[in-house]
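Structure file model30.pdb; described as PDB, C-alpha atoms and all ligand atoms.
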```pdb
ATOM      1  CA  MET A1392     245.896 206.517  50.447
ATOM      2  CA  LYS A1393     242.712 205.581  52.265
ATOM      3  CA  GLN A1394     243.034 205.320  56.073
ATOM      4  CA  VAL A1395     242.449 201.926  57.707
ATOM      5  CA  GLY A1396     238.788 201.197  57.189
ATOM      6  CA  HIS A1397     236.799 198.169  58.213
ATOM      7  CA  TYR A1398     233.936 196.455  56.387
ATOM      8  CA  LEU A1399     231.671 195.327  59.206
ATOM      9  CA  GLN A1400     228.339 196.100  57.586
ATOM     10  CA  PHE A1401     227.159 197.237  54.153
ATOM     11  CA  SER A1402     226.680 200.799  55.396
ATOM     12  CA  ASP A1403     230.424 201.127  56.076
ATOM     13  CA  LEU A1404     230.927 202.220  52.449
ATOM     14  CA  ASN A1405     229.104 204.897  50.509
ATOM     15  CA  HIS A1406     227.559 204.997  47.050
ATOM     16  CA  GLU A1407     230.698 206.361  45.411
ATOM     17  CA  GLU A1408     232.907 203.712  47.025
ATOM     18  CA  TYR A1409     230.560 200.976  45.790
ATOM     19  CA  ARG A1410     230.674 202.434  42.288
ATOM     20  CA  HIS A1411     234.482 202.102  42.348
ATOM     21  CA  ILE A1412     234.397 198.597  43.798
ATOM     22  CA  PHE A1413     231.896 197.310  41.226
ATOM     23  CA  GLU A1414     233.997 198.800  38.417
ATOM     24  CA  ARG A1415     237.144 197.205  39.822
ATOM     25  CA  ALA A1416     235.384 193.843  40.299
ATOM     26  CA  LYS A1417     234.516 193.901  36.605
ATOM     27  CA  VAL A1418     238.155 194.626  35.661
ATOM     28  CA  LEU A1419     239.513 191.961  38.019
ATOM     29  CA  LYS A1420     236.998 189.403  36.729
ATOM     30  CA  ARG A1421     238.012 190.076  33.130
ATOM     31  CA  ARG A1422     241.715 189.839  33.977
ATOM     32  CA  HIS A1423     241.098 186.552  35.759
ATOM     33  CA  SER A1424     239.160 185.133  32.800
ATOM     34  CA  GLU A1425     242.026 186.153  30.502
ATOM     35  CA  LYS A1426     244.487 184.454  32.879
ATOM     36  CA  GLN A1427     246.349 187.749  33.388
ATOM     37  CA  LEU A1428     248.467 187.887  36.526
ATOM     38  CA  TYR A1429     247.687 190.884  38.739
ATOM     39  CA  GLN A1430     249.500 190.563  42.053
ATOM     40  CA  PRO A1431     249.558 193.832  43.994
ATOM     41  CA  LEU A1432     249.443 191.967  47.327
ATOM     42  CA  VAL A1433     252.661 189.932  47.162
ATOM     43  CA  GLY A1434     253.783 189.300  50.732
ATOM     44  CA  ARG A1435     250.429 190.372  52.218
ATOM     45  CA  VAL A1436     248.523 188.017  54.488
ATOM     46  CA  MET A1437     244.866 187.637  55.427
ATOM     47  CA  SER A1438     243.857 185.907  58.674
ATOM     48  CA  MET A1439     240.458 184.255  58.350
ATOM     49  CA  ILE A1440     238.545 183.293  61.500
ATOM     50  CA  PHE A1441     235.625 180.913  61.069
ATOM     51  CA  GLU A1442     233.318 180.221  64.002
ATOM     52  CA  LYS A1443     230.636 178.893  61.615
ATOM     53  CA  ASN A1444     230.808 176.589  58.589
ATOM     54  CA  SER A1445     231.566 177.894  55.116
ATOM     55  CA  THR A1446     232.274 176.787  51.578
ATOM     56  CA  ARG A1447     231.969 179.911  49.392
ATOM     57  CA  THR A1448     233.283 182.477  51.854
ATOM     58  CA  ARG A1449     236.401 180.487  52.677
ATOM     59  CA  VAL A1450     237.200 179.522  49.094
ATOM     60  CA  SER A1451     236.455 182.950  47.626
ATOM     61  CA  PHE A1452     238.697 184.760  50.123
ATOM     62  CA  GLU A1453     241.464 182.165  49.983
ATOM     63  CA  ALA A1454     241.478 181.945  46.187
ATOM     64  CA  GLY A1455     241.104 185.714  45.872
ATOM     65  CA  MET A1456     244.096 186.451  48.115
ATOM     66  CA  ALA A1457     246.237 183.906  46.233
ATOM     67  CA  GLN A1458     245.270 185.466  42.894
ATOM     68  CA  LEU A1459     246.225 188.921  44.188
ATOM     69  CA  GLY A1460     249.656 187.528  45.108
ATOM     70  CA  GLY A1461     248.983 187.245  48.841
ATOM     71  CA  HIS A1462     248.113 184.445  51.200
ATOM     72  CA  ALA A1463     245.119 183.602  53.409
ATOM     73  CA  MET A1464     245.270 181.584  56.632
ATOM     74  CA  PHE A1465     242.336 179.605  57.983
ATOM     75  CA  LEU A1466     241.663 179.672  61.737
ATOM     76  CA  ASP A1467     238.728 178.024  63.446
ATOM     77  CA  THR A1468     237.557 177.642  67.019
ATOM     78  CA  LYS A1469     238.420 173.937  67.185
ATOM     79  CA  THR A1470     242.116 174.430  66.566
ATOM     80  CA  SER A1471     242.841 178.042  67.590
ATOM     81  CA  GLN A1472     242.939 179.465  71.104
ATOM     82  CA  LEU A1473     239.652 181.249  70.440
ATOM     83  CA  GLY A1474     237.978 177.926  71.175
ATOM     84  CA  ARG A1475     239.729 177.846  74.560
ATOM     85  CA  GLY A1476     238.533 181.263  75.619
ATOM     86  CA  GLU A1477     241.254 183.675  74.441
ATOM     87  CA  PRO A1478     239.576 187.104  74.337
ATOM     88  CA  ILE A1479     238.817 188.491  70.891
ATOM     89  CA  GLU A1480     240.652 191.709  71.847
ATOM     90  CA  ASP A1481     243.893 189.785  72.423
ATOM     91  CA  THR A1482     243.361 187.812  69.223
ATOM     92  CA  ALA A1483     242.921 191.107  67.349
ATOM     93  CA  ARG A1484     246.157 192.542  68.765
ATOM     94  CA  VAL A1485     248.143 189.446  67.812
ATOM     95  CA  LEU A1486     246.649 188.810  64.367
ATOM     96  CA  SER A1487     246.965 192.426  63.303
ATOM     97  CA  ARG A1488     250.709 192.382  64.118
ATOM     98  CA  MET A1489     251.242 189.427  61.769
ATOM     99  CA  SER A1490     248.681 189.937  59.032
ATOM    100  CA  ASP A1491     247.547 192.795  56.815
ATOM    101  CA  ILE A1492     243.816 192.139  56.868
ATOM    102  CA  ILE A1493     241.415 189.997  58.915
ATOM    103  CA  MET A1494     238.188 188.304  57.868
ATOM    104  CA  ILE A1495     235.815 186.861  60.469
ATOM    105  CA  ARG A1496     232.648 184.759  60.331
ATOM    106  CA  THR A1497     231.002 184.476  63.718
ATOM    107  CA  PHE A1498     227.763 184.737  65.704
ATOM    108  CA  GLU A1499     227.279 188.192  67.261
ATOM    109  CA  GLN A1500     228.070 191.366  65.342
ATOM    110  CA  SER A1501     229.355 192.826  68.616
ATOM    111  CA  LEU A1502     232.262 190.359  68.538
ATOM    112  CA  VAL A1503     233.287 191.619  65.081
ATOM    113  CA  GLU A1504     233.102 195.187  66.374
ATOM    114  CA  ARG A1505     235.330 194.318  69.332
ATOM    115  CA  LEU A1506     237.798 192.640  66.984
ATOM    116  CA  ALA A1507     237.875 195.711  64.731
ATOM    117  CA  ALA A1508     238.269 198.077  67.677
ATOM    118  CA  HIS A1509     241.500 196.318  68.678
ATOM    119  CA  SER A1510     242.868 195.640  65.191
ATOM    120  CA  LYS A1511     245.479 197.801  63.467
ATOM    121  CA  VAL A1512     244.452 196.342  60.091
ATOM    122  CA  PRO A1513     241.133 196.259  58.200
ATOM    123  CA  VAL A1514     238.535 193.756  59.379
ATOM    124  CA  ILE A1515     235.942 192.247  57.019
ATOM    125  CA  ASN A1516     232.674 190.714  58.205
ATOM    126  CA  GLY A1517     232.302 187.322  56.528
ATOM    127  CA  LEU A1518     228.818 186.808  58.090
ATOM    128  CA  THR A1519     227.307 187.351  61.502
ATOM    129  CA  ASN A1520     223.848 186.654  62.898
ATOM    130  CA  GLU A1521     223.029 190.258  61.970
ATOM    131  CA  TYR A1522     224.699 190.946  58.588
ATOM    132  CA  HIS A1523     226.377 189.400  55.520
ATOM    133  CA  PRO A1524     227.797 192.389  53.607
ATOM    134  CA  CYS A1525     230.150 190.451  51.289
ATOM    135  CA  GLN A1526     227.175 188.464  50.000
ATOM    136  CA  ILE A1527     225.203 191.521  48.978
ATOM    137  CA  LEU A1528     228.329 193.063  47.457
ATOM    138  CA  ALA A1529     228.536 190.026  45.157
ATOM    139  CA  ASP A1530     224.774 189.899  44.569
ATOM    140  CA  ILE A1531     224.582 193.501  43.413
ATOM    141  CA  PHE A1532     227.661 193.067  41.225
ATOM    142  CA  THR A1533     225.857 190.072  39.691
ATOM    143  CA  PHE A1534     222.688 192.101  39.145
ATOM    144  CA  ILE A1535     224.699 194.861  37.436
ATOM    145  CA  GLU A1536     226.388 192.313  35.154
ATOM    146  CA  HIS A1537     223.042 190.933  34.023
ATOM    147  CA  ARG A1538     220.780 193.972  34.065
ATOM    148  CA  GLY A1539     222.831 197.151  34.545
ATOM    149  CA  SER A1540     222.353 199.620  37.401
ATOM    150  CA  ILE A1541     220.195 198.491  40.334
ATOM    151  CA  LYS A1542     219.109 202.092  41.037
ATOM    152  CA  GLY A1543     215.331 202.403  40.859
ATOM    153  CA  LYS A1544     214.812 198.638  40.617
ATOM    154  CA  THR A1545     212.734 196.384  42.876
ATOM    155  CA  VAL A1546     214.141 193.439  44.805
ATOM    156  CA  ALA A1547     211.829 190.894  46.464
ATOM    157  CA  TRP A1548     213.036 188.960  49.483
ATOM    158  CA  ILE A1549     210.950 185.907  50.406
ATOM    159  CA  GLY A1550     211.326 184.033  53.712
ATOM    160  CA  ASP A1551     213.315 184.791  56.823
ATOM    161  CA  GLY A1552     214.019 188.369  57.936
ATOM    162  CA  ASN A1553     217.624 187.355  58.550
ATOM    163  CA  ASN A1554     221.222 188.596  58.225
ATOM    164  CA  VAL A1555     221.212 188.515  54.415
ATOM    165  CA  CYS A1556     217.825 190.241  54.226
ATOM    166  CA  ARG A1557     218.954 192.961  56.656
ATOM    167  CA  THR A1558     222.012 193.612  54.509
ATOM    168  CA  TRP A1559     219.831 193.973  51.399
ATOM    169  CA  LEU A1560     217.931 196.691  53.243
ATOM    170  CA  GLN A1561     221.087 198.700  53.948
ATOM    171  CA  ALA A1562     222.017 198.324  50.284
ATOM    172  CA  ALA A1563     218.581 199.549  49.153
ATOM    173  CA  LYS A1564     219.068 202.883  50.882
ATOM    174  CA  ILE A1565     222.682 203.370  49.799
ATOM    175  CA  LEU A1566     222.217 202.309  46.176
ATOM    176  CA  GLY A1567     218.673 203.610  45.667
ATOM    177  CA  PHE A1568     216.385 200.649  45.053
ATOM    178  CA  LYS A1569     213.305 199.200  46.734
ATOM    179  CA  LEU A1570     213.325 196.052  48.875
ATOM    180  CA  LYS A1571     209.997 194.245  49.282
ATOM    181  CA  VAL A1572     210.197 191.684  52.077
ATOM    182  CA  ALA A1573     207.678 188.899  52.688
ATOM    183  CA  THR A1574     208.135 186.947  55.911
ATOM    184  CA  PRO A1575     205.896 184.755  58.053
ATOM    185  CA  VAL A1576     204.502 186.382  61.198
ATOM    186  CA  GLY A1577     207.164 186.269  63.896
ATOM    187  CA  TYR A1578     210.080 186.241  61.438
ATOM    188  CA  GLU A1579     209.902 189.877  60.282
ATOM    189  CA  LEU A1580     213.028 191.845  59.477
ATOM    190  CA  THR A1581     214.138 193.999  62.412
ATOM    191  CA  VAL A1582     216.195 197.117  61.727
ATOM    192  CA  LEU A1583     219.255 197.228  63.993
ATOM    193  CA  ASP A1584     221.295 200.117  62.658
ATOM    194  CA  GLY A1585     219.102 202.962  63.909
ATOM    195  CA  GLU A1586     218.399 204.050  60.331
ATOM    196  CA  HIS A1587     214.973 205.031  59.057
ATOM    197  CA  TYR A1588     213.932 203.188  55.917
ATOM    198  CA  GLY A1589     211.097 204.915  54.079
ATOM    199  CA  PRO A1590     208.557 203.242  51.779
ATOM    200  CA  GLU A1591     210.706 204.076  48.740
ATOM    201  CA  HIS A1592     213.300 201.604  50.095
ATOM    202  CA  PHE A1593     211.432 199.166  52.322
ATOM    203  CA  GLU A1594     208.041 197.499  51.909
ATOM    204  CA  PRO A1595     207.489 194.686  54.437
ATOM    205  CA  SER A1596     204.483 192.349  54.304
ATOM    206  CA  HIS A1597     203.426 188.770  54.952
ATOM    207  CA  SER A1598     202.453 188.124  51.337
ATOM    208  CA  ALA A1599     204.967 186.473  49.020
ATOM    209  CA  VAL A1600     202.801 187.258  45.983
ATOM    210  CA  LYS A1601     202.595 190.934  46.916
ATOM    211  CA  ALA A1602     206.369 191.093  47.439
ATOM    212  CA  VAL A1603     207.280 189.670  44.048
ATOM    213  CA  GLU A1604     204.813 191.833  42.081
ATOM    214  CA  GLY A1605     206.880 194.070  39.803
ATOM    215  CA  ALA A1606     210.186 192.644  41.067
ATOM    216  CA  ASP A1607     213.317 192.754  38.919
ATOM    217  CA  LEU A1608     214.998 190.264  41.234
ATOM    218  CA  VAL A1609     213.544 187.584  43.494
ATOM    219  CA  THR A1610     215.782 186.248  46.230
ATOM    220  CA  THR A1611     215.544 183.943  49.203
ATOM    221  CA  ASP A1612     217.669 182.033  51.698
ATOM    222  CA  VAL A1613     217.503 178.987  53.955
ATOM    223  CA  PHE A1614     214.609 178.838  56.424
ATOM    224  CA  THR A1615     217.068 178.087  59.238
ATOM    225  CA  SER A1616     220.299 180.058  59.411
ATOM    226  CA  MET A1617     223.452 178.816  61.132
ATOM    227  CA  GLY A1618     223.094 179.110  64.885
ATOM    228  CA  TYR A1619     219.289 178.621  64.823
ATOM    229  CA  GLU A1620     219.259 174.853  64.196
ATOM    230  CA  ALA A1621     217.197 174.139  67.332
ATOM    231  CA  GLU A1622     214.292 175.990  65.679
ATOM    232  CA  SER A1623     214.410 174.152  62.360
ATOM    233  CA  ALA A1624     211.272 171.987  62.767
ATOM    234  CA  THR A1625     209.156 174.996  63.840
ATOM    235  CA  ARG A1626     210.594 177.079  61.039
ATOM    236  CA  LEU A1627     209.895 174.438  58.376
ATOM    237  CA  GLU A1628     206.224 174.642  59.312
ATOM    238  CA  ALA A1629     206.107 178.440  59.634
ATOM    239  CA  PHE A1630     207.780 179.002  56.262
ATOM    240  CA  ALA A1631     205.799 176.386  54.299
ATOM    241  CA  SER A1632     203.985 178.981  52.151
ATOM    242  CA  TYR A1633     207.131 181.055  51.533
ATOM    243  CA  GLN A1634     208.689 178.848  48.873
ATOM    244  CA  VAL A1635     209.985 180.434  45.677
ATOM    245  CA  ASN A1636     208.472 178.266  42.950
ATOM    246  CA  ALA A1637     207.461 178.710  39.313
ATOM    247  CA  GLU A1638     203.951 179.846  40.277
ATOM    248  CA  LEU A1639     205.345 182.605  42.513
ATOM    249  CA  MET A1640     207.900 183.683  39.886
ATOM    250  CA  LYS A1641     204.998 184.314  37.453
ATOM    251  CA  HIS A1642     204.022 187.326  39.581
ATOM    252  CA  ALA A1643     207.429 188.979  39.149
ATOM    253  CA  LYS A1644     208.541 190.791  35.989
ATOM    254  CA  PRO A1645     208.930 188.286  33.131
ATOM    255  CA  ASP A1646     212.678 188.896  32.995
ATOM    256  CA  ALA A1647     213.174 188.850  36.786
ATOM    257  CA  LEU A1648     216.363 187.201  37.996
ATOM    258  CA  PHE A1649     216.482 184.664  40.809
ATOM    259  CA  MET A1650     219.286 184.675  43.399
ATOM    260  CA  HIS A1651     220.112 182.598  46.468
ATOM    261  CA  CYS A1652     223.275 183.057  48.519
ATOM    262  CA  LEU A1653     223.590 179.241  48.870
ATOM    263  CA  PRO A1654     223.693 176.643  50.273
ATOM    264  CA  ALA A1655     220.130 175.881  49.066
ATOM    265  CA  HIS A1656     217.573 173.284  50.043
ATOM    266  CA  ARG A1657     215.642 172.310  46.916
ATOM    267  CA  GLY A1658     212.033 171.570  47.826
ATOM    268  CA  GLU A1659     212.108 173.859  50.897
ATOM    269  CA  GLU A1660     212.762 177.573  50.275
ATOM    270  CA  VAL A1661     213.072 177.100  46.486
ATOM    271  CA  THR A1662     212.095 174.485  43.937
ATOM    272  CA  ALA A1663     214.647 172.819  41.667
ATOM    273  CA  GLU A1664     212.663 174.207  38.733
ATOM    274  CA  VAL A1665     213.473 177.782  39.799
ATOM    275  CA  ILE A1666     217.028 177.463  41.125
ATOM    276  CA  ASP A1667     218.103 175.298  38.183
ATOM    277  CA  GLY A1668     215.936 177.220  35.708
ATOM    278  CA  PRO A1669     216.646 179.996  33.172
ATOM    279  CA  GLN A1670     215.983 182.941  35.515
ATOM    280  CA  SER A1671     218.474 181.724  38.107
ATOM    281  CA  VAL A1672     221.937 183.313  38.270
ATOM    282  CA  VAL A1673     223.076 181.541  41.428
ATOM    283  CA  TRP A1674     226.326 180.178  39.979
ATOM    284  CA  ASP A1675     227.410 183.605  38.723
ATOM    285  CA  GLU A1676     226.413 184.945  42.137
ATOM    286  CA  ALA A1677     228.615 182.387  43.922
ATOM    287  CA  GLU A1678     231.583 182.989  41.592
ATOM    288  CA  ASN A1679     231.201 186.731  41.982
ATOM    289  CA  ARG A1680     231.901 186.442  45.705
ATOM    290  CA  MET A1681     235.530 186.055  44.692
ATOM    291  CA  HIS A1682     235.692 188.890  42.161
ATOM    292  CA  ALA A1683     233.766 191.366  44.309
ATOM    293  CA  GLN A1684     235.794 190.557  47.429
ATOM    294  CA  LYS A1685     239.073 190.929  45.521
ATOM    295  CA  ALA A1686     237.928 194.438  44.625
ATOM    296  CA  LEU A1687     236.952 195.055  48.259
ATOM    297  CA  ILE A1688     240.324 193.839  49.598
ATOM    298  CA  GLU A1689     242.154 195.922  47.008
ATOM    299  CA  TYR A1690     240.161 198.984  48.066
ATOM    300  CA  LEU A1691     240.664 198.431  51.806
ATOM    301  CA  LEU A1692     244.406 197.808  51.433
ATOM    302  CA  LEU A1693     245.408 200.025  48.527
ATOM    303  CA  GLY A1694     242.730 202.689  48.393
ATOM    304  CA  HIS A1695     242.683 204.148  44.897
ATOM    305  CA  GLN A1696     246.239 203.100  44.021
ATOM    306  CA  TYR A1697     245.167 200.675  41.322
ATOM    307  CA  ASP A1698     247.318 199.235  38.596
TER     308      ASP A1698
HETATM  309  N1  LIG B   1     226.835 182.264  50.766
HETATM  310  C1  LIG B   1     227.784 181.925  51.660
HETATM  311  O1  LIG B   1     228.225 182.723  52.483
HETATM  312  O2  LIG B   1     228.212 180.648  51.552
HETATM  313  P1  LIG B   1     229.119 179.857  52.597
HETATM  314  O3  LIG B   1     228.319 179.696  53.856
HETATM  315  O4  LIG B   1     229.398 178.543  51.917
HETATM  316  O5  LIG B   1     230.372 180.637  52.847
HETATM  317  N1  LIG B   2     221.373 183.180  56.406
HETATM  318  C1  LIG B   2     222.333 182.117  56.221
HETATM  319  C2  LIG B   2     223.313 182.480  55.157
HETATM  320  C3  LIG B   2     224.337 181.414  54.853
HETATM  321  C4  LIG B   2     225.346 181.860  53.838
HETATM  322  C5  LIG B   2     223.033 181.816  57.533
HETATM  323  O1  LIG B   2     223.332 182.771  58.268
HETATM  324  O2  LIG B   2     223.262 180.653  57.839
END
```

Would you kindly transcribe this structure into C-alpha cells?
Amino acid sequence: MKQVGHYLQFSDLNHEEYRHIFERAKVLKRRHSEKQLYQPLVGRVMSMIFEKNSTRTRVSFEAGMAQLGGHAMFLDTKTSQLGRGEPIEDTARVLSRMSDIIMIRTFEQSLVERLAAHSKVPVINGLTNEYHPCQILADIFTFIEHRGSIKGKTVAWIGDGNNVCRTWLQAAKILGFKLKVATPVGYELTVLDGEHYGPEHFEPSHSAVKAVEGADLVTTDVFTSMGYEAESATRLEAFASYQVNAELMKHAKPDALFMHCLPAHRGEEVTAEVIDGPQSVVWDEAENRMHAQKALIEYLLLGHQYD
C-alpha cells in the first residue's frame, strides 16, 4: 500500500506512476462507457474547497467520486469558516478527521502546501496561481488517446506564461517531450520549482509562429487568469498577436491537435474556427478530467490495489 501522498504539483509523481495512472484512466473510461459499476470507494468522502470559480474541476471530481462509490462535498469561502478567517491549518486538521481525501482550488500554492502539511489524508491541487496539475494529467491522457505516447513530441504553448503553462513544463521533463512557449514580453513563464529545464524540454520565445513550427500539439489558455482580472484590459492589448487561429495552425504539423483547458473566449486567445474545428480535442480534454482524476484518486487512496 502506498503511503499518504499528496498531489500538489505535477512533479509530485514520477514517470512510472504516470504510466500506471494513464493506463488506469483508460480502463476506468472504458468501464464508464460500458456502464459497468466499479465502486472501490464506498463510504469514502472527498472534501472540496473552492476559493475560485469552477465548472469542470467541481463536476469532474464530484461525478468521479460518485462513480467510484464515494461522495464529494463542496465547500467555498462564502459559506465555510475559511471565509471568516479560520486558519488553513485548523481546516486541514478538521477536514482530514472526517474525510479521506481533500481537493483545493485557491490562490497561492503556499496555502495548499500548508493544508497538506497539516492533513492526515491526501491533498490534491485543483488549481493555484502557480500550477494546475490535474489539467495537464487530463491533457496528456487525451494526447495519448489520440496520438499515442507523448515522449519525444513537441507541444506549443501560446499566450500567458501562467499556471497551466508552468505545469506543462514540469510534465515535459518528467514525460520526455519538448515545450515551446511563446509569450508577449512581460508575460514570460517563470520557473518556480528550482528545476533546470534544458533546451530539449523548454524553448521560450516571443514568436507564436516559431513556437508552433513542428508542433504535435498547440495549446493556449485565457489571456487573464482568475485573480488577475484587474489587468484584463492591459492584457487584451499585450496578447493581441498571440491568438491561435487557422493561419497560425498552418505552421504546426498538419495533424497537430489543438487543446484549451477551458473556459475559452472565442475571438480572443483562439478563433471559433480552430476551437470548433477538426484539429480541436477540447471536449475530450474536458471529459478526460473526470477519467484521469478517478485514476489519480484511486492511486492516492488505494495504491496498486486495483480491481
Ligand atoms: N479547466 C478547468 O479547470 O476548468 P474549471 O475552471 O471550469 O474548473
Ligand atoms: N489559467 C486559468 C485556468 C482556468 C482553468 C486560470 O487560472 O484562471

Report task. Record the distance separating CA of Ile1492 (chain A) and CA of Asn1516 (chain A), expressed in Å with one decimal. Result -> 11.3 Å

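Residues matched by the PyMOL selection byres (((not hetatm)) within 7 of (chain B and resi 1)) in this file: Asn1444, Ser1445, Thr1446, Arg1447, Thr1448, Arg1449, Leu1518, Gln1526, Cys1652, Leu1653 and Pro1654 of chain A.
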
Take every atom of ligand LIG 2 (chain B) listed in the file, fit an axis-aligned box around them, add 5 Å per side, and give the centre and edge lengths in Å to one decimal as AutoDock Vina command-line options.
```
--center_x 223.4 --center_y 181.9 --center_z 56.1 --size_x 14.0 --size_y 12.5 --size_z 14.4
```

Apply the PyMOL selection byres (((chain A and resi 1423) around 12) and not hetatm) to the displayed file and report the matching residues as a CSV table (one decimal) with C-alpha atoms, in the frame of the given file.
```
chain,number,residue,atom,x,y,z
A,1416,ALA,CA,235.4,193.8,40.3
A,1417,LYS,CA,234.5,193.9,36.6
A,1418,VAL,CA,238.2,194.6,35.7
A,1419,LEU,CA,239.5,192.0,38.0
A,1420,LYS,CA,237.0,189.4,36.7
A,1421,ARG,CA,238.0,190.1,33.1
A,1422,ARG,CA,241.7,189.8,34.0
A,1424,SER,CA,239.2,185.1,32.8
A,1425,GLU,CA,242.0,186.2,30.5
A,1426,LYS,CA,244.5,184.5,32.9
A,1427,GLN,CA,246.3,187.7,33.4
A,1428,LEU,CA,248.5,187.9,36.5
A,1429,TYR,CA,247.7,190.9,38.7
A,1430,GLN,CA,249.5,190.6,42.1
A,1454,ALA,CA,241.5,181.9,46.2
A,1455,GLY,CA,241.1,185.7,45.9
A,1457,ALA,CA,246.2,183.9,46.2
A,1458,GLN,CA,245.3,185.5,42.9
A,1459,LEU,CA,246.2,188.9,44.2
A,1678,GLU,CA,231.6,183.0,41.6
A,1679,ASN,CA,231.2,186.7,42.0
A,1681,MET,CA,235.5,186.1,44.7
A,1682,HIS,CA,235.7,188.9,42.2
A,1685,LYS,CA,239.1,190.9,45.5
```

Report task. For region 1602-1609 of chain A, please output as a ChimeraX atom specification all residues within 6 Å (counting only C-alpha atoms; exclusion window: fewer than 2 positions along the same chain). Result -> /A:1545-1547,1571,1573,1599-1600,1642-1644,1647-1649

**Report entry** Target residues per the PyMOL selection byres (((not hetatm)) within 7 of (chain B and resi 2)), formatted as a ChimeraX atom specification
**Finding:** /A:1518-1520,1553-1555,1612-1613,1615-1617,1652-1654

Non-local contacts of region 1556-1565 of chain A (8 Å; all atoms listed in the file; under 5 positions in same chain excluded) as a compact mmCIF listing (two decimals) with C-alpha atoms, in the coordinates of the input:
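The result, written out as out.txt:
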```txt
# COMPACT_ATOMS: atom_id res chain seq x y z
CA GLN A 1400 228.34 196.10 57.59
CA PHE A 1401 227.16 197.24 54.15
CA SER A 1402 226.68 200.80 55.40
CA ASN A 1405 229.10 204.90 50.51
CA HIS A 1406 227.56 205.00 47.05
CA GLU A 1521 223.03 190.26 61.97
CA TYR A 1522 224.70 190.95 58.59
CA HIS A 1523 226.38 189.40 55.52
CA PRO A 1524 227.80 192.39 53.61
CA ILE A 1527 225.20 191.52 48.98
CA TRP A 1548 213.04 188.96 49.48
CA ASP A 1551 213.32 184.79 56.82
CA LEU A 1570 213.32 196.05 48.88
CA LEU A 1580 213.03 191.84 59.48
CA THR A 1581 214.14 194.00 62.41
CA VAL A 1582 216.20 197.12 61.73
CA TYR A 1588 213.93 203.19 55.92
CA HIS A 1592 213.30 201.60 50.10
CA PHE A 1593 211.43 199.17 52.32
```

**Report entry** Gap from CA of Gly1668 (chain A) to CA of Lys1569 (chain A) - Å, one decimal
**Finding:** 24.7 Å

**Report entry** Contacts of Glu1442 (chain A) within 9 Å, all atoms listed in the file, excl. fewer than 5 positions in-chain, as a list in words
**Finding:**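 In the requested form, the answer reads Leu1466, Asp1467, Thr1468, Lys1469, Gly1474, Ile1495, Arg1496, Thr1497 and Phe1498 of chain A.
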
How would the residues just picked look written out with C-alpha atoms as a compact mmCIF listing (two decimals), in the frame of the given file?
```txt
# COMPACT_ATOMS: atom_id res chain seq x y z
CA LEU A 1466 241.66 179.67 61.74
CA ASP A 1467 238.73 178.02 63.45
CA THR A 1468 237.56 177.64 67.02
CA LYS A 1469 238.42 173.94 67.18
CA GLY A 1474 237.98 177.93 71.18
CA ILE A 1495 235.82 186.86 60.47
CA ARG A 1496 232.65 184.76 60.33
CA THR A 1497 231.00 184.48 63.72
CA PHE A 1498 227.76 184.74 65.70
```

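Between CA of Ser1623 (chain A) and CA of Pro1595 (chain A) the separation is 23.1 Å.
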